[in-house]
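Visitor: Contents of structure_8.pdb (PDB, C-alpha atoms) are given next:
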ATOM      1  CA  MET A 138      -5.113  22.805  15.633
ATOM      2  CA  SER A 139      -3.836  21.134  18.788
ATOM      3  CA  ASP A 140      -0.183  20.451  19.491
ATOM      4  CA  THR A 141      -0.936  16.710  19.771
ATOM      5  CA  ARG A 142      -2.349  16.694  16.282
ATOM      6  CA  VAL A 143       0.600  18.547  14.832
ATOM      7  CA  LYS A 144       3.038  16.014  16.294
ATOM      8  CA  ARG A 145       1.367  12.911  14.824
ATOM      9  CA  THR A 146       3.335  10.777  12.398
ATOM     10  CA  ALA A 147       2.101   8.474   9.650
ATOM     11  CA  SER A 148       4.246   5.743   8.144
ATOM     12  CA  VAL A 149       3.361   3.905   4.947
ATOM     13  CA  PHE A 150       3.659   0.399   3.560
ATOM     14  CA  GLY A 151       2.026   0.877   0.189
ATOM     15  CA  SER A 152       1.864   3.287  -2.674
ATOM     16  CA  CYS A 153      -0.633   5.526  -4.479
ATOM     17  CA  VAL A 154      -3.563   5.438  -2.062
ATOM     18  CA  SER A 155      -1.519   5.953   1.086
ATOM     19  CA  ARG A 156       0.769   8.484  -0.616
ATOM     20  CA  ASP A 157      -2.103  10.743  -1.649
ATOM     21  CA  THR A 158      -3.859  10.399   1.688
ATOM     22  CA  VAL A 159      -0.665  11.331   3.507
ATOM     23  CA  GLU A 160      -0.502  14.547   1.499
ATOM     24  CA  VAL A 161      -3.846  15.554   3.034
ATOM     25  CA  LEU A 162      -2.601  14.567   6.491
ATOM     26  CA  ARG A 163       0.555  16.633   6.005
ATOM     27  CA  ALA A 164      -1.580  19.672   5.270
ATOM     28  CA  ARG A 165      -3.220  19.024   8.653
ATOM     29  CA  GLY A 166       0.115  19.017  10.461
ATOM     30  CA  TRP A 167       1.083  15.346  10.318
ATOM     31  CA  ARG A 168       4.636  14.217   9.632
ATOM     32  CA  VAL A 169       5.810  11.300   7.500
ATOM     33  CA  GLY A 170       7.863   8.551   9.122
ATOM     34  CA  ALA A 171       8.856   5.532   7.045
ATOM     35  CA  TYR A 172       7.619   5.313   3.456
ATOM     36  CA  VAL A 173       8.033   1.776   2.100
ATOM     37  CA  ALA A 174       6.845   1.833  -1.497
ATOM     38  CA  ARG A 175       7.108  -0.508  -4.504
ATOM     39  CA  GLN A 176       7.417  -3.546  -2.262
ATOM     40  CA  SER A 177       5.050  -6.490  -2.359
ATOM     41  CA  LEU A 178       4.177  -8.298   0.826
ATOM     42  CA  LEU A 179       5.858 -11.269  -0.871
ATOM     43  CA  SER A 180       9.192  -9.646  -1.678
ATOM     44  CA  ALA A 181       9.887  -8.230   1.771
ATOM     45  CA  GLY A 182      12.859 -10.046   3.230
ATOM     46  CA  SER A 183      14.265 -11.075  -0.136
ATOM     47  CA  GLN A 184      17.983 -10.541  -0.579
ATOM     48  CA  ILE A 185      18.703  -9.911  -4.261
ATOM     49  CA  ALA A 186      22.023  -8.726  -5.660
ATOM     50  CA  GLY A 187      21.748  -5.063  -6.591
ATOM     51  CA  ASP A 188      23.347  -5.623  -9.978
ATOM     52  CA  ILE A 189      20.785  -8.154 -11.186
ATOM     53  CA  VAL A 190      18.863  -5.302 -12.807
ATOM     54  CA  ASP A 191      20.065  -1.909 -14.045
ATOM     55  CA  LEU A 192      18.364   0.797 -11.990
ATOM     56  CA  SER A 193      20.065   3.634 -13.850
ATOM     57  CA  GLY A 194      17.236   3.839 -16.388
ATOM     58  CA  LEU A 195      14.587   4.599 -13.782
ATOM     59  CA  ALA A 196      12.943   7.985 -13.920
ATOM     60  CA  SER A 197      13.972   9.555 -10.611
ATOM     61  CA  ALA A 198      16.194   9.172  -7.587
ATOM     62  CA  PHE A 199      13.145   8.281  -5.470
ATOM     63  CA  VAL A 200      12.025   5.539  -7.856
ATOM     64  CA  SER A 201      15.564   4.154  -8.023
ATOM     65  CA  ARG A 202      15.845   4.228  -4.235
ATOM     66  CA  VAL A 203      12.609   2.365  -3.567
ATOM     67  CA  HIS A 204      13.462  -0.280  -6.160
ATOM     68  CA  ALA A 205      16.837  -0.748  -4.476
ATOM     69  CA  GLY A 206      14.922  -1.162  -1.224
ATOM     70  CA  ASP A 207      12.829  -3.913  -2.788
ATOM     71  CA  LEU A 208      15.971  -5.724  -3.943
ATOM     72  CA  ALA A 209      17.343  -5.485  -0.402
ATOM     73  CA  GLY A 210      14.042  -6.510   1.181
ATOM     74  CA  ASP A 211      14.366  -3.649   3.649
ATOM     75  CA  ARG A 212      10.749  -3.231   4.769
ATOM     76  CA  ARG A 213      11.284  -4.399   8.325
ATOM     77  CA  SER A 214      14.387  -2.292   8.916
ATOM     78  CA  ARG A 215      12.692   0.795   7.464
ATOM     79  CA  LEU A 216       9.581   0.362   9.602
ATOM     80  CA  ALA A 217      11.653  -0.451  12.681
ATOM     81  CA  THR A 218      13.515   2.838  12.393
ATOM     82  CA  ALA A 219      10.257   4.811  12.489
ATOM     83  CA  ALA A 220       8.101   2.520  14.633
ATOM     84  CA  GLU A 221       8.531   4.305  17.956
ATOM     85  CA  ASP A 222       7.338   7.619  16.521
ATOM     86  CA  THR A 223       4.638   6.187  14.236
ATOM     87  CA  ASP A 224       1.084   6.948  15.341
ATOM     88  CA  VAL A 225      -0.540   5.233  12.351
ATOM     89  CA  LEU A 226       0.878   2.823   9.792
ATOM     90  CA  LEU A 227      -1.073   2.984   6.534
ATOM     91  CA  TRP A 228      -1.063  -0.215   4.478
ATOM     92  CA  ASP A 229      -2.466  -0.440   0.973
ATOM     93  CA  ILE A 230      -2.089  -3.189  -1.620
ATOM     94  CA  VAL A 231      -1.720  -1.083  -4.768
ATOM     95  CA  ASP A 232       1.848  -2.333  -5.230
ATOM     96  CA  GLU A 233       0.543  -5.897  -5.519
ATOM     97  CA  ARG A 234      -1.315  -5.188  -8.765
ATOM     98  CA  LEU A 235       1.476  -6.184 -11.161
ATOM     99  CA  GLY A 236       2.507  -9.315  -9.284
ATOM    100  CA  VAL A 237       6.018 -10.470  -8.476
ATOM    101  CA  LEU A 238       8.834 -12.151 -10.368
ATOM    102  CA  GLU A 239      10.250 -15.315  -8.847
ATOM    103  CA  LEU A 240      13.938 -15.675  -9.686
ATOM    104  CA  PRO A 241      15.598 -19.056 -10.253
ATOM    105  CA  ASP A 242      17.016 -19.004  -6.704
ATOM    106  CA  GLY A 243      13.539 -18.474  -5.235
ATOM    107  CA  GLU A 244      13.936 -14.800  -4.338
ATOM    108  CA  LEU A 245      11.044 -12.509  -5.236
ATOM    109  CA  LEU A 246      11.109  -9.132  -6.969
ATOM    110  CA  THR A 247       8.166  -6.734  -7.071
ATOM    111  CA  ARG A 248       7.032  -5.937 -10.611
ATOM    112  CA  THR A 249       6.304  -2.230 -11.014
ATOM    113  CA  THR A 250       4.980   0.154 -13.621
ATOM    114  CA  GLU A 251       8.277   2.077 -13.611
ATOM    115  CA  GLY A 252      10.214  -1.145 -14.017
ATOM    116  CA  LEU A 253       8.084  -2.234 -16.958
ATOM    117  CA  THR A 254       8.359   1.166 -18.615
ATOM    118  CA  ALA A 255      12.150   1.163 -18.233
ATOM    119  CA  GLY A 256      12.522  -2.436 -19.446
ATOM    120  CA  LEU A 257      14.009  -3.331 -16.067
ATOM    121  CA  TYR A 258      13.075  -6.994 -16.274
ATOM    122  CA  ASP A 259      13.969  -7.657 -19.908
ATOM    123  CA  SER A 260      17.379  -9.074 -19.055
ATOM    124  CA  LEU A 261      16.202 -11.419 -16.302
ATOM    125  CA  GLU A 262      16.661 -15.050 -17.239
ATOM    126  CA  GLY A 263      14.485 -17.807 -15.848
ATOM    127  CA  ALA A 264      12.208 -15.444 -13.898
ATOM    128  CA  ARG A 265       8.648 -16.664 -13.386
ATOM    129  CA  LEU A 266       5.749 -14.219 -13.147
ATOM    130  CA  LEU A 267       3.263 -14.718 -10.329
ATOM    131  CA  GLU A 268       0.311 -12.612 -11.447
ATOM    132  CA  PHE A 269      -1.912 -10.743  -9.017
ATOM    133  CA  GLY A 270      -5.242 -12.533  -8.803
ATOM    134  CA  SER A 271      -3.852 -15.916  -9.790
ATOM    135  CA  ASN A 272      -4.135 -18.805  -7.360
ATOM    136  CA  GLN A 273      -0.349 -19.113  -7.217
ATOM    137  CA  HIS A 274       0.094 -15.475  -6.245
ATOM    138  CA  PHE A 275      -2.793 -15.398  -3.788
ATOM    139  CA  GLU A 276      -1.781 -18.567  -1.991
ATOM    140  CA  ARG A 277       1.782 -17.353  -1.547
ATOM    141  CA  TRP A 278       0.512 -13.943  -0.449
ATOM    142  CA  ALA A 279      -1.896 -15.411   2.085
ATOM    143  CA  GLU A 280       0.871 -17.615   3.479
ATOM    144  CA  ALA A 281       2.951 -14.482   4.122
ATOM    145  CA  LEU A 282       0.280 -12.769   6.222
ATOM    146  CA  PRO A 283       0.992 -14.460   9.590
ATOM    147  CA  ALA A 284       4.645 -13.414   9.365
ATOM    148  CA  TRP A 285       3.530  -9.854   8.549
ATOM    149  CA  ARG A 286       1.265  -9.893  11.612
ATOM    150  CA  ALA A 287       4.160 -11.117  13.745
ATOM    151  CA  GLU A 288       6.377  -8.370  12.336
ATOM    152  CA  LEU A 289       3.804  -5.720  13.188
ATOM    153  CA  GLU A 290       3.470  -7.087  16.710
ATOM    154  CA  SER A 291       7.232  -7.187  17.246
ATOM    155  CA  LEU A 292       7.485  -3.554  16.141
ATOM    156  CA  GLY A 293       4.557  -2.495  18.315
ATOM    157  CA  LEU A 294       2.564  -1.454  15.238
ATOM    158  CA  ALA A 295      -0.217  -4.061  15.095
ATOM    159  CA  ASP A 296      -2.740  -1.893  16.918
ATOM    160  CA  ARG A 297      -1.634   1.206  15.015
ATOM    161  CA  THR A 298      -2.013  -0.224  11.504
ATOM    162  CA  LEU A 299      -4.848   0.645   9.133
ATOM    163  CA  LEU A 300      -5.427  -1.368   5.969
ATOM    164  CA  LEU A 301      -6.898   0.973   3.358
ATOM    165  CA  GLN A 302      -9.501  -1.012   1.427
ATOM    166  CA  THR A 303     -10.118   1.113  -1.635
ATOM    167  CA  ALA A 304     -11.768  -0.389  -4.677
ATOM    168  CA  TRP A 305     -10.642   0.792  -8.099
ATOM    169  CA  ALA A 306     -13.016   3.470  -9.379
ATOM    170  CA  ILE A 307     -15.143   2.453 -12.347
ATOM    171  CA  VAL A 308     -15.901   6.038 -13.377
ATOM    172  CA  ASP A 309     -14.362   9.464 -12.863
ATOM    173  CA  GLU A 310     -15.909  12.717 -11.663
ATOM    174  CA  ASP A 311     -17.232  13.429 -15.156
ATOM    175  CA  GLY A 312     -18.902  10.030 -15.357
ATOM    176  CA  ALA A 313     -16.387   8.701 -17.890
ATOM    177  CA  LYS A 314     -15.079   5.152 -17.636
ATOM    178  CA  THR A 315     -11.663   4.919 -15.987
ATOM    179  CA  PRO A 316      -8.705   3.669 -18.033
ATOM    180  CA  THR A 317      -7.164   0.266 -17.573
ATOM    181  CA  SER A 318      -3.816  -0.138 -15.821
ATOM    182  CA  TRP A 319      -1.476  -2.401 -17.792
ATOM    183  CA  GLY A 320      -4.490  -4.038 -19.393
ATOM    184  CA  VAL A 321      -6.465  -4.567 -16.185
ATOM    185  CA  GLY A 322      -9.722  -2.682 -15.642
ATOM    186  CA  ALA A 323     -11.477  -1.691 -12.432
ATOM    187  CA  VAL A 324     -14.084  -4.461 -12.455
ATOM    188  CA  GLU A 325     -11.479  -7.177 -12.951
ATOM    189  CA  ALA A 326      -9.104  -5.715 -10.371
ATOM    190  CA  ASN A 327     -11.857  -5.410  -7.780
ATOM    191  CA  TRP A 328     -12.895  -9.007  -8.364
ATOM    192  CA  PHE A 329      -9.318 -10.179  -7.861
ATOM    193  CA  ALA A 330      -8.789  -8.019  -4.758
ATOM    194  CA  GLN A 331     -11.762  -9.257  -2.732
ATOM    195  CA  ARG A 332     -10.089 -12.362  -1.367
ATOM    196  CA  TYR A 333      -6.862 -10.475  -0.635
ATOM    197  CA  TYR A 334      -8.682  -8.029   1.614
ATOM    198  CA  GLN A 335     -10.621 -10.829   3.299
ATOM    199  CA  ALA A 336      -7.482 -12.845   3.941
ATOM    200  CA  ALA A 337      -5.597  -9.780   5.204
ATOM    201  CA  ALA A 338      -8.301  -8.869   7.711
ATOM    202  CA  GLN A 339      -8.647 -12.427   8.997
ATOM    203  CA  ALA A 340      -4.950 -13.256   9.254
ATOM    204  CA  THR A 341      -3.614  -9.992  10.656
ATOM    205  CA  GLY A 342      -6.516  -8.645  12.696
ATOM    206  CA  VAL A 343      -5.565  -5.071  11.785
ATOM    207  CA  ARG A 344      -8.212  -2.406  11.457
ATOM    208  CA  VAL A 345      -9.651  -2.072   7.930
ATOM    209  CA  LEU A 346     -10.697   1.322   6.590
ATOM    210  CA  ARG A 347     -13.027   0.805   3.631
ATOM    211  CA  LEU A 348     -13.662   3.714   1.276
ATOM    212  CA  PRO A 349     -17.447   4.091   0.757
ATOM    213  CA  ASP A 350     -18.772   3.260  -2.698
ATOM    214  CA  GLU A 351     -20.136   6.764  -3.214
ATOM    215  CA  LEU A 352     -16.636   8.208  -2.782
ATOM    216  CA  THR A 353     -14.926   5.628  -4.984
ATOM    217  CA  VAL A 354     -14.688   7.979  -7.934
ATOM    218  CA  ALA A 355     -11.550   8.803  -9.895
ATOM    219  CA  GLY A 356     -10.332  12.387  -9.972
ATOM    220  CA  THR A 357     -10.275  14.241 -13.266
ATOM    221  CA  HIS A 358      -7.462  16.577 -12.197
ATOM    222  CA  HIS A 359      -5.300  14.245 -10.139
ATOM    223  CA  THR A 360      -1.654  15.247  -9.754
ATOM    224  CA  TRP A 361      -0.431  11.925 -11.117
ATOM    225  CA  GLY A 362      -2.901  11.646 -13.990
ATOM    226  CA  PRO A 363      -5.935   9.450 -14.671
ATOM    227  CA  ALA A 364      -6.067   6.003 -13.081
ATOM    228  CA  PRO A 365      -8.756   3.964 -11.316
ATOM    229  CA  PHE A 366      -6.771   4.241  -8.060
ATOM    230  CA  HIS A 367      -6.293   8.043  -8.302
ATOM    231  CA  TYR A 368      -9.397   9.320  -6.541
ATOM    232  CA  GLN A 369     -11.365  12.533  -6.229
ATOM    233  CA  ASP A 370     -10.318  14.937  -3.482
ATOM    234  CA  ALA A 371     -13.350  14.041  -1.351
ATOM    235  CA  ALA A 372     -12.112  10.456  -1.064
ATOM    236  CA  TYR A 373      -8.774  11.490   0.424
ATOM    237  CA  ALA A 374     -10.436  13.973   2.759
ATOM    238  CA  TRP A 375     -12.712  11.205   4.059
ATOM    239  CA  LEU A 376      -9.785   8.836   4.565
ATOM    240  CA  ALA A 377      -7.816  11.527   6.372
ATOM    241  CA  ASP A 378     -10.791  12.276   8.642
ATOM    242  CA  GLN A 379     -11.051   8.601   9.611
ATOM    243  CA  ILE A 380      -7.309   8.359  10.216
ATOM    244  CA  ASP A 381      -7.442  11.455  12.433
ATOM    245  CA  ARG A 382     -10.238   9.822  14.408
ATOM    246  CA  PHE A 383      -8.412   6.497  14.649
ATOM    247  CA  ALA A 384      -5.255   8.199  15.924
ATOM    248  CA  ALA A 385      -7.174  10.273  18.451
ATOM    249  CA  LYS A 386      -8.918   7.200  19.890
ATOM    250  CA  ALA A 387      -5.695   5.213  19.928
ATOM    251  CA  SER A 388      -4.067   8.042  21.866
ATOM    252  CA  SER A 389      -6.961   8.112  24.328
ATOM    253  CA  ASP A 390      -6.788   4.340  24.785
ATOM    254  CA  SER A 391      -3.083   4.519  25.606
ATOM    255  CA  GLN A 392      -3.953   6.990  28.360
ATOM    256  CA  GLY A 393      -6.487   4.648  29.941
ATOM    257  CA  ALA A 394      -9.710   5.451  28.070
ATOM    258  CA  GLN A 395     -12.154   2.772  26.954
ATOM    259  CA  PRO A 396     -10.969   0.734  23.948
ATOM    260  CA  LEU A 397     -12.334   1.128  20.439
ATOM    261  CA  ARG A 398     -15.485  -0.855  19.691
TER     262      ARG A 398
END
Output the structure of this file as structure tokens.

Guide:
Amino acid sequence: MSDTRVKRTASVFGSCVSRDTVEVLRARGWRVGAYVARQSLLSAGSQIAGDIVDLSGLASAFVSRVHAGDLAGDRRSRLATAAEDTDVLLWDIVDERLGVLELPDGELLTRTTEGLTAGLYDSLEGARLLEFGSNQHFERWAEALPAWRAELESLGLADRTLLLQTAWAIVDEDGAKTPTSWGVGAVEANWFAQRYYQAAAQATGVRVLRLPDELTVAGTHHTWGPAPFHYQDAAYAWLADQIDRFAAKASSDSQGAQPLR
């Protein structure tokens, strides 16, 4: 393993897919920079009072911390801190799947599985749910993409960002049908997600890394349990291989080699 490879750093704006891919990269010598999880593209920049919801019932310090980050809308500041050392920023849209809550003052809060389990949103009054896949959610999400592109450019990350396009797996390694996630199955989720990926690619111009269909299979022994977005080991190995390649070419380009085609 080369010294250059060991010194590479991956930052994350996303959740399950990027998290599990980063674990493979870490085993290959990569480091983790910023990890911005449980934040929708829509909620970034929101400024919500920390006492509007009770975070004490959340399961872990990490989960509490990332939810506090969503309330503070701290994505930009977190990415800015790590931007200089980030070789690749991994972006996935798993955290969009439960939509966002629009508060009466217009601020937006990401709706999460941990928050639902803990009853985090039960006390919110006048909050309106914008569901993933709905026209209201998609239109707002698409409108936020140019600002996200501008943010990436200002941080010097636009050419170092990879959008991980990973469909939800319909079956697992044993051929069994994958479970639903909060009532949504793989076929429905994939139908909803198509226009999000298309809009993201068109509006931001970032590189898209699409997991091949033959590897889009859920793992039967995944660390975090069965889910259509918890894949077999071969899927993460393939993603890590492509990220290694992307980083190597980006490094060569910065030293005067021919650009990626």

Visitor: Apply the PyMOL selection byres ((chain A and resi 228-243) around 7) to the file shown and report the selected residues as a PyMOL selection string.

Guide: chain A and resi 149-155+175-177+226-227+244-249+263-269+299-301

Visitor: Starting from the PyMOL selection byres ((chain A and resi 156-173) around 10), expand the selection into actual residues of this file and give them as a VMD selection string.

Guide: chain A and resid 138 to 155 174 to 177 203 206 to 207 211 to 229 359 to 361 367 to 368 370 372 to 378 380 to 381

Visitor: How many Å separate CA of Val308 in chain A from CA of Arg332 in chain A?

Guide: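 CA of Arg332 in chain A lies 22.7 Å from CA of Val308 in chain A.
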
Visitor: When you draw a straight line from CA of Trp278 in chain A to CA of Leu179 in chain A, how long is it in Å?

Guide: 6.0 Å

Visitor: Evaluate the PyMOL selection byres ((chain A and resi 258) around 10) against this structure - the residues, as a PDB file with C-alpha atoms, in the coordinates of the input, please.

Guide:
ATOM      1  CA  ILE A 189      20.785  -8.154 -11.186  1.00  0.00           C
ATOM      2  CA  VAL A 190      18.863  -5.302 -12.807  1.00  0.00           C
ATOM      3  CA  ASP A 191      20.065  -1.909 -14.045  1.00  0.00           C
ATOM      4  CA  LEU A 238       8.834 -12.151 -10.368  1.00  0.00           C
ATOM      5  CA  LEU A 246      11.109  -9.132  -6.969  1.00  0.00           C
ATOM      6  CA  ARG A 248       7.032  -5.937 -10.611  1.00  0.00           C
ATOM      7  CA  THR A 249       6.304  -2.230 -11.014  1.00  0.00           C
ATOM      8  CA  GLY A 252      10.214  -1.145 -14.017  1.00  0.00           C
ATOM      9  CA  LEU A 253       8.084  -2.234 -16.958  1.00  0.00           C
ATOM     10  CA  THR A 254       8.359   1.166 -18.615  1.00  0.00           C
ATOM     11  CA  ALA A 255      12.150   1.163 -18.233  1.00  0.00           C
ATOM     12  CA  GLY A 256      12.522  -2.436 -19.446  1.00  0.00           C
ATOM     13  CA  LEU A 257      14.009  -3.331 -16.067  1.00  0.00           C
ATOM     14  CA  ASP A 259      13.969  -7.657 -19.908  1.00  0.00           C
ATOM     15  CA  SER A 260      17.379  -9.074 -19.055  1.00  0.00           C
ATOM     16  CA  LEU A 261      16.202 -11.419 -16.302  1.00  0.00           C
ATOM     17  CA  GLU A 262      16.661 -15.050 -17.239  1.00  0.00           C
ATOM     18  CA  ALA A 264      12.208 -15.444 -13.898  1.00  0.00           C
TER      19      ALA A 264
END

Visitor: What is the CA of Asn327 in chain A-CA of Trp305 in chain A distance in Å, reported with one decimal?

Guide: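 Those two atoms sit 6.3 Å apart.
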
Visitor: Have a look at A:Leu294, A:Leu352, A:Ala387, A:Ala330 and name the one nearest to Ala371 in chain A; count only C-alpha atoms.

Guide: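 Under the stated criterion, the closest residue is A:Leu352.
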
Visitor: For each of A:Ala181, A:Ala196, A:Ala304, A:Ala364, take the minimum atom-to-atom distance to Trp328 in chain A, counting only C-alpha atoms, then give the residue where this is smallest.

Guide: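 Closest to Trp328 in chain A of all the choices is A:Ala304.
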
Visitor: Return as AutoDock Vina command-line options the box centre and box size in Å, one decimal, for an axis-aligned box around all listed atoms of range 361-373 of chain A padded by 8 Å per side.

Guide:
--center_x -6.9 --center_y 9.5 --center_z -7.1 --size_x 28.9 --size_y 27.0 --size_z 31.1

Visitor: Between A:Ala340, A:Val321, A:Leu178, A:Leu195, which residue has the minimum interatomic distance to His274 in chain A, considering all atoms listed in the file?

Guide: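 Counting all atoms listed in the file, the residue closest to His274 in chain A is A:Leu178.
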
Visitor: Write out as a list in words each polymer residue whose atoms come within 10 Å of Ala336 in chain A, counting only C-alpha atoms; drop sequence neighbours fewer than 4 positions from it.

Guide: Phe275, Trp278, Ala279, Glu280, Leu282, Gln331, Arg332, Ala340, Thr341 and Gly342 of chain A

Visitor: May I have the residues within 10 Å of Lys314 in chain A as a PDB file with C-alpha atoms, in the frame of the given file, using all atoms listed in the file and disregarding those fewer than 4 positions away in the same chain?

Guide:
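For reference, part_15.pdb as written:
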ATOM      1  CA  ALA A 306     -13.016   3.470  -9.379  1.00  0.00           C
ATOM      2  CA  ILE A 307     -15.143   2.453 -12.347  1.00  0.00           C
ATOM      3  CA  VAL A 308     -15.901   6.038 -13.377  1.00  0.00           C
ATOM      4  CA  ASP A 309     -14.362   9.464 -12.863  1.00  0.00           C
ATOM      5  CA  GLU A 310     -15.909  12.717 -11.663  1.00  0.00           C
ATOM      6  CA  GLY A 322      -9.722  -2.682 -15.642  1.00  0.00           C
ATOM      7  CA  ALA A 323     -11.477  -1.691 -12.432  1.00  0.00           C
ATOM      8  CA  ALA A 355     -11.550   8.803  -9.895  1.00  0.00           C
ATOM      9  CA  PRO A 365      -8.756   3.964 -11.316  1.00  0.00           C
TER      10      PRO A 365
END
